[in-house]
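Structure data (CSV, C-alpha atoms and all ligand atoms) from coords-v6.csv:
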```
chain,number,residue,atom,x,y,z
A,1,MET,CA,89.2,111.4,52.5
A,2,ALA,CA,90.1,112.3,49.0
A,3,PHE,CA,88.6,113.7,45.9
A,4,ARG,CA,88.3,111.9,42.6
A,5,SER,CA,86.9,112.6,39.1
A,6,PRO,CA,83.2,112.1,38.7
A,7,ILE,CA,83.6,109.9,35.6
A,8,GLY,CA,86.0,107.2,34.3
A,9,SER,CA,87.0,103.7,35.4
A,10,GLU,CA,88.2,103.1,38.9
A,11,VAL,CA,91.8,102.9,37.7
A,12,GLU,CA,91.5,106.1,35.7
A,13,ARG,CA,89.9,108.0,38.6
A,14,ASN,CA,92.7,106.9,41.0
A,15,ASN,CA,95.3,108.1,38.5
A,16,MET,CA,93.5,111.4,38.3
A,17,PRO,CA,96.5,113.8,39.1
A,18,VAL,CA,97.8,112.9,35.7
A,19,ASN,CA,94.7,113.2,33.6
A,20,ILE,CA,91.9,114.6,35.7
A,21,TRP,CA,89.4,113.9,32.9
A,22,PRO,CA,90.2,110.3,32.1
A,23,GLY,CA,90.8,108.6,28.8
A,24,SER,CA,88.9,110.2,25.9
A,25,TRP,CA,86.7,112.5,28.1
A,26,VAL,CA,86.8,116.1,27.0
A,27,ASP,CA,85.4,119.3,28.6
A,28,ALA,CA,83.5,121.2,25.9
A,29,ASN,CA,83.3,124.4,27.9
A,30,ALA,CA,86.5,124.4,30.0
A,31,TRP,CA,87.7,127.3,32.2
A,32,THR,CA,91.0,128.9,31.5
A,33,GLY,CA,92.7,129.4,34.9
A,34,ASN,CA,90.3,131.2,37.1
A,35,ASN,CA,88.2,132.4,34.2
A,36,PRO,CA,84.9,130.7,33.1
A,37,PRO,CA,84.2,130.7,29.3
A,38,LYS,CA,81.2,132.7,27.9
A,39,TYR,CA,79.2,130.3,25.8
A,40,MET,CA,75.8,129.9,24.3
A,41,LEU,CA,73.4,127.8,26.4
A,42,GLY,CA,71.0,128.0,23.5
A,43,PRO,CA,70.2,130.5,20.6
A,44,GLY,CA,70.3,134.0,22.0
A,45,ASN,CA,71.1,132.7,25.5
A,46,PRO,CA,74.8,133.5,26.4
A,47,ALA,CA,76.1,132.6,29.9
A,48,PHE,CA,79.3,132.1,31.8
A,49,HIS,CA,79.9,128.4,32.3
A,50,THR,CA,79.9,127.3,36.0
A,51,GLY,CA,82.0,124.2,35.5
A,52,ALA,CA,82.8,121.4,33.0
A,53,ASP,CA,80.7,119.8,30.2
A,54,LEU,CA,82.2,116.3,30.1
A,55,ASN,CA,81.8,114.4,26.9
A,56,LEU,CA,83.0,111.2,25.2
A,57,PRO,CA,83.1,111.5,21.4
A,58,GLY,CA,80.0,110.4,19.5
A,59,ASP,CA,77.7,110.2,22.5
A,60,LYS,CA,79.7,107.2,23.8
A,61,ASP,CA,79.1,108.8,27.2
A,62,ARG,CA,75.4,107.9,27.0
A,63,LEU,CA,74.4,106.5,30.4
A,64,ALA,CA,78.1,106.4,31.5
A,65,GLN,CA,78.3,106.0,35.3
A,66,ILE,CA,78.8,109.1,37.4
A,67,TYR,CA,80.5,108.9,40.8
A,68,SER,CA,80.5,111.2,43.9
A,69,ILE,CA,83.8,113.2,43.8
A,70,GLY,CA,84.1,112.9,47.6
A,71,ASP,CA,82.5,111.9,50.9
A,72,GLY,CA,79.4,113.9,51.8
A,73,VAL,CA,75.7,114.0,52.1
A,74,VAL,CA,73.3,114.4,49.2
A,75,ARG,CA,71.7,117.9,49.3
A,76,PHE,CA,69.5,117.6,46.2
A,77,ALA,CA,68.5,114.7,43.9
A,78,GLN,CA,65.5,115.2,41.7
A,79,LEU,CA,64.0,116.4,38.5
A,80,VAL,CA,64.2,120.2,38.2
A,81,SER,CA,62.3,120.5,34.8
A,82,LYS,CA,62.6,118.9,31.4
A,83,THR,CA,63.7,122.2,29.9
A,84,SER,CA,66.1,123.4,32.7
A,85,TRP,CA,68.7,121.1,34.2
A,86,GLY,CA,66.6,117.9,33.8
A,87,ASN,CA,67.5,115.7,36.7
A,88,LEU,CA,70.0,117.3,39.1
A,89,VAL,CA,72.2,116.0,41.9
A,90,VAL,CA,74.0,118.2,44.4
A,91,ILE,CA,76.3,116.8,47.1
A,92,ASN,CA,77.5,118.7,50.3
A,93,HIS,CA,81.1,117.7,51.1
A,94,GLY,CA,81.3,119.8,54.3
A,95,THR,CA,84.2,122.2,54.8
A,96,VAL,CA,87.4,121.8,52.8
A,97,ASN,CA,90.3,124.2,52.9
A,98,GLY,CA,88.2,126.4,55.2
A,99,LYS,CA,85.4,126.8,52.7
A,100,PRO,CA,82.1,125.1,52.0
A,101,LEU,CA,82.3,122.5,49.2
A,102,PHE,CA,79.4,121.4,47.0
A,103,SER,CA,79.6,119.4,43.8
A,104,ARG,CA,76.8,119.4,41.2
A,105,TYR,CA,75.9,117.0,38.4
A,106,GLY,CA,73.4,118.1,35.8
A,107,HIS,CA,71.2,116.5,33.0
A,108,VAL,CA,71.7,113.1,34.6
A,109,GLU,CA,69.5,109.9,34.4
A,110,ASP,CA,69.0,106.9,36.7
A,111,ILE,CA,69.7,108.7,40.0
A,112,VAL,CA,70.4,106.1,42.7
A,113,VAL,CA,70.8,108.4,45.7
A,114,GLN,CA,68.4,110.6,47.6
A,115,LYS,CA,68.4,113.8,49.6
A,116,GLY,CA,69.9,113.2,53.0
A,117,GLN,CA,71.9,110.1,52.0
A,118,ALA,CA,75.5,109.8,53.0
A,119,VAL,CA,77.9,109.0,50.1
A,120,LYS,CA,81.5,108.1,50.0
A,121,VAL,CA,84.0,109.1,47.3
A,122,GLY,CA,83.5,106.9,44.3
A,123,ASP,CA,80.0,105.9,45.1
A,124,PRO,CA,77.7,105.7,42.0
A,125,ILE,CA,75.1,108.4,42.0
A,126,ALA,CA,73.6,108.6,38.5
A,127,LYS,CA,74.3,108.2,34.8
A,128,VAL,CA,75.1,110.6,32.0
A,129,GLY,CA,72.0,111.9,30.3
A,130,ASN,CA,70.9,114.4,27.6
A,131,GLN,CA,68.1,116.2,29.4
A,132,PHE,CA,65.3,114.5,27.6
A,133,GLY,CA,66.9,115.1,24.2
A,134,VAL,CA,67.5,118.9,24.7
A,135,PHE,CA,71.3,118.4,24.6
A,136,PRO,CA,73.8,115.8,23.3
A,137,TYR,CA,74.7,113.4,26.0
A,138,HIS,CA,77.1,115.1,28.5
A,139,LEU,CA,77.7,115.6,32.2
A,140,HIS,CA,77.4,119.2,33.4
A,141,PHE,CA,79.7,119.1,36.5
A,142,ASP,CA,80.6,122.0,38.7
A,143,ILE,CA,82.2,122.7,42.1
A,144,SER,CA,81.1,125.5,44.4
A,145,VAL,CA,83.1,126.8,47.3
A,146,THR,CA,80.2,128.8,48.9
A,147,ASN,CA,76.9,127.8,50.5
A,148,GLN,CA,75.0,129.0,47.4
A,149,LEU,CA,74.1,125.5,46.2
A,150,ASP,CA,72.8,124.8,49.7
A,151,LYS,CA,70.5,127.8,49.5
A,152,ALA,CA,69.6,127.3,45.8
A,153,PRO,CA,70.7,123.9,44.3
A,154,THR,CA,69.7,125.1,40.8
A,155,TYR,CA,71.5,128.4,41.0
A,156,TRP,CA,72.7,129.6,37.5
A,157,PRO,CA,74.5,133.0,37.3
A,158,GLY,CA,74.0,133.4,33.6
A,159,LEU,CA,75.9,136.6,32.5
A,160,ASP,CA,76.9,137.5,36.1
A,161,LEU,CA,80.6,137.0,35.8
A,162,GLN,CA,81.4,138.0,39.4
A,163,GLY,CA,78.7,135.6,40.7
A,164,THR,CA,80.2,132.8,38.6
A,165,LYS,CA,83.7,133.5,39.9
A,166,HIS,CA,82.6,134.0,43.5
A,167,HIS,CA,80.6,130.8,43.8
A,168,PHE,CA,82.5,128.4,41.4
A,169,VAL,CA,86.0,127.3,40.7
A,170,ASN,CA,87.8,125.7,37.8
A,171,PRO,CA,86.8,122.1,38.5
A,172,ARG,CA,89.7,120.5,36.8
A,173,ASN,CA,92.3,122.6,38.7
A,174,TRP,CA,90.4,122.1,42.0
A,175,LEU,CA,90.3,118.3,41.6
A,176,ARG,CA,94.0,118.3,40.7
A,177,GLU,CA,94.9,120.3,43.8
A,178,ASN,CA,92.7,118.4,46.2
A,179,PHE,CA,93.3,114.7,45.2
A,180,ASN,CA,94.3,114.0,48.8
A,181,SER,CA,92.6,116.8,50.6
A,182,ALA,CA,90.6,116.1,53.8
A,183,ALA,CA,87.4,117.8,54.9
A,184,GLU,CA,87.8,119.8,58.1
A,185,LYS,CA,84.2,119.0,58.8
A,186,LEU,CA,81.8,116.7,57.1
A,187,PRO,CA,78.1,117.6,56.9
A,188,ASP,CA,75.8,116.1,59.6
A,189,GLY,CA,74.8,112.6,58.7
A,190,ALA,CA,78.0,111.8,56.7
A,191,PHE,CA,80.2,108.8,57.3
A,192,ALA,CA,83.6,109.9,58.6
A,193,SER,CA,86.3,108.5,56.3
A,194,GLY,CA,87.7,105.8,58.6
A,195,GLY,CA,84.5,105.0,60.3
A,196,VAL,CA,83.0,102.3,58.0
A,197,SER,CA,86.1,100.9,56.5
A,198,GLY,CA,88.0,100.5,59.8
A,199,GLY,CA,91.0,102.4,58.5
A,200,ALA,CA,92.7,105.5,59.8
A,201,ASP,CA,90.3,108.2,61.0
A,202,GLU,CA,91.7,110.7,58.6
A,203,GLY,CA,88.7,112.9,58.1
A,204,ARG,CA,88.4,114.0,61.7
A,205,LYS,CA,90.4,116.1,64.1
A,206,PRO,CA,90.6,115.7,67.9
A,207,GLY,CA,87.7,117.6,69.5
A,208,ASP,CA,85.6,117.5,66.3
A,209,VAL,CA,82.8,115.7,68.1
A,210,LYS,CA,79.4,116.0,66.6
A,211,PRO,CA,76.1,115.0,68.1
A,212,LEU,CA,74.9,111.6,66.7
A,213,PRO,CA,72.4,112.1,63.9
A,214,VAL,CA,68.9,110.9,64.0
A,215,TRP,CA,68.0,108.6,61.1
A,216,TYR,CA,64.6,107.7,59.7
A,217,VAL,CA,63.6,104.3,58.3
A,218,ILE,CA,62.7,105.0,54.7
A,219,ASP,CA,62.4,101.4,53.4
A,220,PRO,CA,58.6,100.7,52.8
A,221,ASN,CA,59.2,97.2,54.4
A,222,GLY,CA,60.8,98.8,57.5
A,223,ALA,CA,64.3,98.1,58.9
A,224,GLN,CA,65.2,94.7,60.4
A,225,VAL,CA,67.2,95.1,63.6
A,226,TYR,CA,70.0,92.5,64.1
A,227,LYS,CA,72.1,91.6,67.2
A,228,ASN,CA,75.2,91.8,65.1
A,229,PRO,CA,76.1,93.5,61.8
A,230,SER,CA,75.3,90.5,59.5
A,231,LEU,CA,72.3,89.3,57.6
A,232,THR,CA,72.8,85.9,59.2
A,233,ALA,CA,72.9,87.3,62.8
A,234,GLU,CA,70.1,86.8,65.3
A,235,LYS,CA,67.1,89.0,64.3
A,236,SER,CA,65.4,91.4,66.7
A,237,THR,CA,62.5,93.7,65.9
A,238,ILE,CA,61.5,95.3,62.6
A,239,LEU,CA,61.4,99.1,62.9
A,240,PRO,CA,58.5,100.4,60.7
A,241,ARG,CA,59.0,103.0,58.0
A,242,GLY,CA,59.2,106.5,59.5
A,243,SER,CA,60.7,105.3,62.8
A,244,LYS,CA,63.4,107.5,64.2
A,245,VAL,CA,66.6,105.9,65.4
A,246,THR,CA,70.0,107.3,66.6
A,247,VAL,CA,72.8,105.5,64.8
A,248,ASP,CA,76.6,105.9,65.4
A,249,VAL,CA,77.7,105.7,61.8
A,250,GLN,CA,81.3,106.6,62.7
A,251,ASN,CA,81.5,103.2,64.3
A,252,GLY,CA,79.6,101.5,61.5
A,253,ARG,CA,80.8,98.4,59.6
A,254,LYS,CA,80.9,97.6,55.9
A,255,ASP,CA,80.6,94.1,54.5
A,256,ALA,CA,80.4,92.8,50.9
A,257,GLU,CA,76.9,94.0,50.5
A,258,LEU,CA,75.8,96.5,53.2
A,259,ILE,CA,76.8,99.4,55.4
A,260,TRP,CA,75.7,98.8,59.0
A,261,GLY,CA,75.3,101.1,61.9
A,262,PRO,CA,75.0,100.4,65.6
A,263,ILE,CA,71.9,101.8,67.3
A,264,VAL,CA,72.6,104.1,70.3
A,265,GLY,CA,70.1,104.5,73.1
A,266,GLY,CA,66.6,103.1,73.6
A,267,GLU,CA,65.4,99.6,73.7
A,268,TYR,CA,67.7,98.4,70.9
A,269,ASN,CA,70.9,100.0,72.2
A,270,GLY,CA,73.9,98.2,70.7
A,271,GLN,CA,72.0,96.3,68.1
A,272,TRP,CA,72.5,96.9,64.3
A,273,VAL,CA,70.6,98.1,61.3
A,274,ALA,CA,71.6,98.2,57.6
A,275,ILE,CA,71.9,101.8,56.5
A,276,ARG,CA,72.3,101.2,52.7
A,277,ARG,CA,73.8,99.0,50.1
A,278,ASN,CA,77.5,99.2,49.6
A,279,ASP,CA,77.1,100.0,45.9
A,280,GLY,CA,74.7,102.9,46.6
A,281,LYS,CA,71.8,101.2,44.8
A,282,ALA,CA,69.5,101.2,47.8
A,283,SER,CA,69.1,103.1,51.1
A,284,TYR,CA,67.1,101.9,54.0
A,285,LEU,CA,67.7,104.8,56.4
A,286,SER,CA,68.0,108.5,55.8
A,287,THR,CA,68.6,111.6,57.9
A,288,ASN,CA,65.5,113.0,56.2
A,289,PRO,CA,62.0,111.7,57.0
A,290,PRO,CA,60.4,109.6,54.2
A,291,GLN,CA,58.5,111.7,51.8
B,301,ZN,ZN,77.3,122.8,31.3
```
Go through the file and emit its structure as structure tokens.
Ligand SMILES: [Zn+2]
Amino acid sequence: MAFRSPIGSEVERNNMPVNIWPGSWVDANAWTGNNPPKYMLGPGNPAFHTGADLNLPGDKDRLAQIYSIGDGVVRFAQLVSKTSWGNLVVINHGTVNGKPLFSRYGHVEDIVVQKGQAVKVGDPIAKVGNQFGVFPYHLHFDISVTNQLDKAPTYWPGLDLQGTKHHFVNPRNWLRENFNSAAEKLPDGAFASGGVSGGADEGRKPGDVKPLPVWYVIDPNGAQVYKNPSLTAEKSTILPRGSKVTVDVQNGRKDAELIWGPIVGGEYNGQWVAIRRNDGKASYLSTNPPQ
């Protein structure tokens, strides 16, 4: 488990303690210490800024890739309105440093995740947008350390300075301080850090045993069940869209293309389904029923 910048190349993001915002990226409305700036959201519309407005000069950030800052589960991923937020993504990262942790990415385009989907640090989630021409291209990015974005993903404190400071933190400082932090508890449905990569089980503590989540088949074509976690393995049944299945994601596998999970219980106990593509571009199972 770790936290990384939402923008920049892989090398830049992994060098984040030095730069945090990589390369030529600048924050147009940066916090100073623990204090958010007051700025104009539009003519006659002052507000305290909840996070960072990340830009490359000259709209070079147009459609730049945005990545999840940490492991977690997508809480919100949809259009809010063309005049407020545009498309918005919120990710629940569980409990970090004893507090809830949510990250939010506003005015984005080309969202490739959906509500309920587990994501890992560095997974692509969307691209930098301009809210349908309302703003110059930029990423509005903020970090909340309360459950406010769980209750209200579009929460905007406006001129409420205490609300801004209560729910949000200086995102640059937070990322700098938590480059190697671990979540005490990931949200239900998340992949524990070591689970799918086979590495050390660093995100979990002894006794931190959660009930296995129920997943729904969301692929319109259903989910093919395999005897082993490989597309070339012997095939079993196809579970139709909407089927419920318990999957032990913490004992999942990751190959070049897919993240696999073993089915627990029922007729197909011990057999395997693909949960999603490795690059985040498609999900076949979700902890939320298909809409
Ligand atoms: Zn902003």
What separation in Å, quoted to one decimal, exists between atom CA of A:Pro22 and atom CA of A:Pro6?
->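 Distance between the two atoms: 9.8 Å.
Of the listed residues (A:Pro289, A:Pro187, A:Pro171, A:Pro17), A:Pro171 comes nearest to ligand ZN 301 (chain B); the distances count all atoms listed in the file.
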Identify the residues within 8 Å of coordinate (72.6, 123.7, 38.4) (same frame as the file), considering all atoms listed in the file, and give the answer as a PyMOL selection string.
-> chain A and resi 85+88+104-106+153-156
File of the preceding selection, C-alpha atoms, as an mmCIF file, in the coordinates of the input:
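The resulting again22.cif:
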```cif
data_model
loop_
_atom_site.group_PDB
_atom_site.id
_atom_site.type_symbol
_atom_site.label_atom_id
_atom_site.label_comp_id
_atom_site.auth_asym_id
_atom_site.auth_seq_id
_atom_site.Cartn_x
_atom_site.Cartn_y
_atom_site.Cartn_z
ATOM 1 C CA TRP A 85 68.700 121.100 34.200
ATOM 2 C CA LEU A 88 70.000 117.300 39.100
ATOM 3 C CA ARG A 104 76.800 119.400 41.200
ATOM 4 C CA TYR A 105 75.900 117.000 38.400
ATOM 5 C CA GLY A 106 73.400 118.100 35.800
ATOM 6 C CA PRO A 153 70.700 123.900 44.300
ATOM 7 C CA THR A 154 69.700 125.100 40.800
ATOM 8 C CA TYR A 155 71.500 128.400 41.000
ATOM 9 C CA TRP A 156 72.700 129.600 37.500
#
```
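For the pair atom CA of A:Pro262 and atom CA of A:Gly94, the interatomic distance is 23.3 Å.
You can rank A:Lys82, A:Ala118, A:Ile143, A:Leu101 by their closest distance to ligand ZN 301 (chain B) using all atoms listed in the file, and at the top of that list sits A:Ile143.
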Kindly work out which residues sit at most 6 Å from ligand ZN 301 (chain B), using all atoms listed in the file, and give the list as a list of chain:residue names.
-> A:Ala52, A:Asp53, A:His140
Restricted to C-alpha atoms, what would the selected residues look like written as a PDB file, keeping the file's coordinate frame?
```
ATOM      1  CA  ALA A  52      82.800 121.400  33.000  1.00  0.00           C
ATOM      2  CA  ASP A  53      80.700 119.800  30.200  1.00  0.00           C
ATOM      3  CA  HIS A 140      77.400 119.200  33.400  1.00  0.00           C
TER       4      HIS A 140
END
```
Distance criterion (all atoms listed in the file): nearest to A:Lys281 out of A:Ser84, A:Gln114, A:Thr146, A:Gln224 |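 Using all atoms listed in the file, the shortest distance to A:Lys281 belongs to A:Gln114.
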Using all atoms listed in the file, which residue out of A:Gly116, A:Pro100, A:Pro136, A:Gly261 lies closest to A:Leu149?
->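 Going through A:Gly116, A:Pro100, A:Pro136, A:Gly261 one by one, the smallest distance to A:Leu149 is for A:Pro100.
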Pick out the residues sitting within 12 Å of A:Val18, and hand them over as a list in words; count only C-alpha atoms, and ignore anything fewer than 4 positions along from it in its own chain.
->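 Here the qualifying residues turn out to be Arg4, Ser5, Val11, Glu12, Arg13, Asn14, Pro22, Gly23, Arg172, Asn173, Leu175, Arg176, Glu177 and Phe179 of chain A.
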Resulting file, chosen residues, C-alpha atoms, as a short mmCIF file (atom, residue, chain, number, x, y, z; two decimals), in the frame of the given file:
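Writing the result to again01.cif gives the following:
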```
data_model
loop_
_atom_site.label_atom_id
_atom_site.label_comp_id
_atom_site.auth_asym_id
_atom_site.auth_seq_id
_atom_site.Cartn_x
_atom_site.Cartn_y
_atom_site.Cartn_z
CA ARG A 4 88.30 111.90 42.60
CA SER A 5 86.90 112.60 39.10
CA VAL A 11 91.80 102.90 37.70
CA GLU A 12 91.50 106.10 35.70
CA ARG A 13 89.90 108.00 38.60
CA ASN A 14 92.70 106.90 41.00
CA PRO A 22 90.20 110.30 32.10
CA GLY A 23 90.80 108.60 28.80
CA ARG A 172 89.70 120.50 36.80
CA ASN A 173 92.30 122.60 38.70
CA LEU A 175 90.30 118.30 41.60
CA ARG A 176 94.00 118.30 40.70
CA GLU A 177 94.90 120.30 43.80
CA PHE A 179 93.30 114.70 45.20
#
```
Coordinates-based distance that separates atom CA of A:Phe168 from atom CA of A:Phe48 (Å, one decimal) =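 Distance between the two atoms: 10.8 Å.
Using all atoms listed in the file for every distance, the candidate list A:Gly98, A:Pro57, A:Gly122, A:Pro36 yields A:Gly122 as the residue closest to A:Glu10.
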Protein/DNA/RNA residues near (76.5, 118.5, 52.1), cut 8 Å, all atoms listed in the file, as a list in words |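 Here is the list of nearby residues: Gly72, Val73, Val74, Arg75, Ile91, Asn92, His93, Gly94, Leu101, Phe102, Asp150, Leu186, Pro187 and Asp188 of chain A.
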With C-alpha atoms retained, export the selected residues as a CSV table (one decimal), in the frame of the given file.
```
chain,number,residue,atom,x,y,z
A,72,GLY,CA,79.4,113.9,51.8
A,73,VAL,CA,75.7,114.0,52.1
A,74,VAL,CA,73.3,114.4,49.2
A,75,ARG,CA,71.7,117.9,49.3
A,91,ILE,CA,76.3,116.8,47.1
A,92,ASN,CA,77.5,118.7,50.3
A,93,HIS,CA,81.1,117.7,51.1
A,94,GLY,CA,81.3,119.8,54.3
A,101,LEU,CA,82.3,122.5,49.2
A,102,PHE,CA,79.4,121.4,47.0
A,150,ASP,CA,72.8,124.8,49.7
A,186,LEU,CA,81.8,116.7,57.1
A,187,PRO,CA,78.1,117.6,56.9
A,188,ASP,CA,75.8,116.1,59.6
```
A:Asp123: which residues within 8 Å, counting all atoms listed in the file, same-chain residues fewer than 4 positions away excluded, as a JSON list (two decimals) with C-alpha atoms, in the frame of the given file?
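After the write, selection-v5.json holds the following:
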```json
[["chain", "number", "residue", "atom", "x", "y", "z"],
["A", 67, "TYR", "CA", 80.50, 108.90, 40.80],
["A", 68, "SER", "CA", 80.50, 111.20, 43.90],
["A", 119, "VAL", "CA", 77.90, 109.00, 50.10],
["A", 279, "ASP", "CA", 77.10, 100.00, 45.90],
["A", 280, "GLY", "CA", 74.70, 102.90, 46.60]]
```
Closest of A:Asn29, A:Asn228, A:Ser181, A:Asn147 to A:His167 - atom-to-atom distances counting all atoms listed in the file =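 For A:His167, the nearest of the candidates is A:Asn147.
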Could you name the residues that touch A:Tyr284 at 6 Å or less, counting all atoms listed in the file, but leaving out those on the same chain fewer than 2 positions away, as a PDB file with C-alpha atoms, in the frame of the given file?
```pdb
ATOM      1  CA  ILE A 218      62.700 105.000  54.700  1.00  0.00           C
ATOM      2  CA  ASP A 219      62.400 101.400  53.400  1.00  0.00           C
ATOM      3  CA  ILE A 275      71.900 101.800  56.500  1.00  0.00           C
ATOM      4  CA  ARG A 276      72.300 101.200  52.700  1.00  0.00           C
TER       5      ARG A 276
END
```
Residue neighbourhood stretch 40-47 of chain A, 10 Å, all atoms listed in the file, exclusion window fewer than 4 positions, as a VMD selection string = chain A and resid 29 36 134 to 135 156 to 161 164
Reconstructed stretch 42-53 of chain A, atom set N, CA, C and O atoms, as a tab-separated table (two decimals), in the coordinates of the input:
```tsv
chain	number	residue	atom	x	y	z
A	42	GLY	N	71.94	128.32	24.55
A	42	GLY	CA	71.00	128.00	23.50
A	42	GLY	C	71.01	129.29	22.58
A	42	GLY	O	71.68	130.26	22.91
A	43	PRO	N	70.27	129.27	21.49
A	43	PRO	CA	70.20	130.50	20.60
A	43	PRO	C	69.82	131.70	21.40
A	43	PRO	O	68.81	131.69	22.10
A	44	GLY	N	70.62	132.77	21.32
A	44	GLY	CA	70.30	134.00	22.00
A	44	GLY	C	70.37	133.93	23.52
A	44	GLY	O	69.78	134.75	24.22
A	45	ASN	N	71.08	132.93	24.05
A	45	ASN	CA	71.10	132.70	25.50
A	45	ASN	C	72.56	132.53	25.98
A	45	ASN	O	72.95	131.45	26.39
A	46	PRO	N	73.37	133.63	25.94
A	46	PRO	CA	74.80	133.50	26.40
A	46	PRO	C	74.84	133.42	27.90
A	46	PRO	O	73.98	133.95	28.61
A	47	ALA	N	75.87	132.74	28.41
A	47	ALA	CA	76.10	132.60	29.90
A	47	ALA	C	77.54	132.31	30.11
A	47	ALA	O	78.24	131.84	29.22
A	48	PHE	N	77.96	132.62	31.33
A	48	PHE	CA	79.30	132.10	31.80
A	48	PHE	C	79.09	130.71	32.29
A	48	PHE	O	78.12	130.41	32.98
A	49	HIS	N	80.03	129.84	31.95
A	49	HIS	CA	79.90	128.40	32.30
A	49	HIS	C	80.41	128.17	33.70
A	49	HIS	O	81.53	128.56	34.00
A	50	THR	N	79.59	127.51	34.54
A	50	THR	CA	79.90	127.30	36.00
A	50	THR	C	80.92	126.19	36.20
A	50	THR	O	81.42	126.05	37.33
A	51	GLY	N	81.15	125.35	35.18
A	51	GLY	CA	82.00	124.20	35.50
A	51	GLY	C	82.50	123.52	34.19
A	51	GLY	O	83.02	124.19	33.30
A	52	ALA	N	82.32	122.20	34.13
A	52	ALA	CA	82.80	121.40	33.00
A	52	ALA	C	81.58	120.75	32.31
A	52	ALA	O	80.60	120.39	32.97
A	53	ASP	N	81.66	120.63	30.99
A	53	ASP	CA	80.70	119.80	30.20
A	53	ASP	C	81.45	118.61	29.69
A	53	ASP	O	82.15	118.70	28.68
```
